[in-house]
Amino acid sequence: MIETLTTESIASLSGMAPATPSSTDAVPALPRQAKTVRDTGLEPRFLADLVLKAIQAGGKSPLAILAGQLRLSIGVLREVLNPLIAEQQVEVAWCGDSDIDMQYQLTSIGQRACAEALARSRYLGPAPVPLAAYRAQVERQSLRAHDAERVTPARLAAVLGEDGLAPHARATLGAALYAHRSLLLYGPSGSGKTQLARKLARLLPGPVAVPYALMAGRQVIRLYDPALHLPPPLARQEERRNGDARWVLCQRPLVHVGAELGCGMLALRHDAEEGVYHAPPQLQANNGMLVLDDVGRQRMPAGELLDRFAAPLDAGADQLTLQGGQAETVPFDAAVVFVTNLAPASVLDDAALRRIGYKAEIGALPAAAYRALIKRQCRAHRVDYDDSVCDYLIERLHPQARRALLACYPAGLVERIADFAGFAGQEARFTQASVEQAWHSMFIACDGET
């Protein structure tokens with residue numbers, strides 16, 4: 001997709017500083033801009049092929065548009081274009097008043113050269129980052145580093161709020177994050193384990209730099225995913241001004257995979273049509289968190305899943321294989337959280353469990369925490385709350401149905417109270433009748449329930 005650049009973006013890619021006020025607390029997170037072909041770490045032939053394909057796709061291609069599409073500086077593009085012009089593969093189609101205001105097109109010789117380039121690789125997109133440069137950046141951003149920011153009890157409490165977790169469970173979560181070691185969350189379905197894992201990801205400090213794509217040998221691996229690599233909440237232009245545009249400033253990623261996980265998903269996936277490999281989830285989660293949910297219910301056995309990650313967890317590196325059998329060593333720097341609603345001993349043996357750094361049981365909530373969650377849900381849905389009705393819910397309905405006070409129930413109940421009231425054209429209220437109506441719409445009657 002061709003991207004139109006703003007004036008500030010053009011200034012950034014050409015190496016000129018835009019006229020924006022400086023910020024003393026801005027922390028540069030992107031690698032420095034590549035100003036020459038050598039700085040990119042890529043082969044000149046690969047860059048020439050990339051430029052030829054981009055010009056063919058765009059027709060008459062403005063220099064600034066090429067810079068935005070390929071995420072290369074104006075200086076690098078000129079260094080690539082000049083030999084192509086000398087070899088009569090590319091020609092200037094139009095010149096404006098400035099040296100940036102230029103358009104290029106392919107000649108007949110260039111069309112043939114582009115066909116040969118497409119035969120070598122069909123990839124067209126941001127110029128990739130060499131794997132060695134990526135390894136170095138992941139190491140700089142690692143939360144395992146001695147000077148990395150550590151989670152504190154105050155920060156953990158601020159994120160978890162009044163979730164009703166037992167003190168020993170909170171201490172376990174904090175220690176696992178502090179040490180950046182693997183964590184197993186186990187307990188009954190509906191106890192809030194997955195939601196808890198997502199909250200823990202918010203404790204990872206950012207931002208971090210993520211490349212659009214990697215160059216491994218002569219192959220391109222797409223890494224950046226806008227659904228996983230979200231922009232930081234307070235991104236500043238100063239953080240990008242002199243940065244390499246092949247990288248994106250992101251929050252630390254949270255990658256979540258569940259019962260759909262199979263062995264093939266953990267390998268590089270080749271896309272012949274695009275001419276690229278797609279990164280597996282553990283590679284996309286680098287410098288962030290990888291949540292492996294529904295352990296014991298995936299397409300691969302739990303023991304096999306843990307064996308797959310045992311060596312990478314210890315070594316901080318993973319081995320991925322390209323077509324033809326070429327193996328590449330890639331960083332493995334994610335906080336790994338395993339989640340299961342099965343008894344851990346039923347899906348993992350003692351040796352496997354010892355490999356996981358910390359284990360925390362997430363079970364039913366205390367009555368006070370459950371009541372607080374009901375109140376929060378009522379406020380969120382603008383439902384009038386009544387403490388005596390909550391007593392009825394906790395002391396009558398739950399025991400009758402033999403249902404524990406799980407974290408998943410309050411939201412479902414209050415949402416249904418609001419739904420029934422909305423349908424009836426009435427104000428939503430937390431009454432015994434509305435709670436019973438919502439309750440019976442959620443559950444199939446159990447033995448002993450009236």
# chains A, B, ... in the order shown; residues from 1 in each chain; ligands from 1
$ residues_around --residues "segment 131-141 of chain A" --least-positions-apart "6" --cutoff "6 Å" --atoms "only C-alpha atoms" --output "MDAnalysis selection string"
chainID A and resid 214:216 331
$ residues_around --residues "Val80 of chain A" --least-positions-apart "6" --cutoff "8 Å" --atoms "only C-alpha atoms" --output "PDB file with N, CA and C atoms, in the first residue's frame"
ATOM      1  N   VAL A  37      23.483   3.279   2.196  1.00  0.00           N
ATOM      2  CA  VAL A  37      23.141   1.882   1.935  1.00  0.00           C
ATOM      3  C   VAL A  37      23.870   0.969   2.909  1.00  0.00           C
ATOM      4  N   PRO A  44      23.142  -4.134  -1.573  1.00  0.00           N
ATOM      5  CA  PRO A  44      22.697  -3.141  -2.565  1.00  0.00           C
ATOM      6  C   PRO A  44      21.763  -3.737  -3.611  1.00  0.00           C
ATOM      7  N   LEU A  47      18.236  -3.933  -2.249  1.00  0.00           N
ATOM      8  CA  LEU A  47      17.601  -2.610  -2.210  1.00  0.00           C
ATOM      9  C   LEU A  47      17.237  -2.142  -3.611  1.00  0.00           C
ATOM     10  N   ALA A  48      18.101  -2.404  -4.585  1.00  0.00           N
ATOM     11  CA  ALA A  48      17.782  -2.010  -5.962  1.00  0.00           C
ATOM     12  C   ALA A  48      16.541  -2.750  -6.452  1.00  0.00           C
ATOM     13  N   VAL A  51      13.454  -1.172  -4.865  1.00  0.00           N
ATOM     14  CA  VAL A  51      13.090   0.112  -5.487  1.00  0.00           C
ATOM     15  C   VAL A  51      12.440  -0.119  -6.842  1.00  0.00           C
TER      16      VAL A  51
END
$ closest_residue --among "A:Asn341, A:Val151, A:His381, A:Leu106" --to "Gly58 of chain A" --atoms "only C-alpha atoms"
A:Leu106
$ closest_residue --among "A:Leu30, A:Tyr123, A:Pro399, A:Ala327" --to "Ala272 of chain A" --atoms "only C-alpha atoms"
A:Tyr123
$ residues_around --residues "Ser434 of chain A" --least-positions-apart "2" --cutoff "12 Å" --atoms "only C-alpha atoms" --output "PyMOL selection string"
chain A and resi 383-386+389-390+392-393+413-421+424+426-432+436-441
$ closest_residue --among "A:Ala433, A:Leu261, A:Val276, A:Ala317" --to "Arg120 of chain A" --atoms "only C-alpha atoms"
A:Val276
$ closest_residue --among "A:Ala285, A:Leu66, A:Leu143, A:Val257" --to "Leu203 of chain A" --atoms "only C-alpha atoms"
A:Leu143
$ select_by_dssp --residues "segment 340-377 of chain A" --states "alpha helix (DSSP H)" --output "VMD selection string"
chain A and resid 344 to 347 350 to 355 367 to 377
$ closest_residue --among "A:Leu353, A:Cys408, A:Leu223, A:Ala345" --to "Leu373 of chain A" --atoms "only C-alpha atoms"
A:Cys408
$ atom_distance --atom1 "atom CA of Gly187 of chain A" --atom2 "atom CA of Pro410 of chain A"
17.9 Å
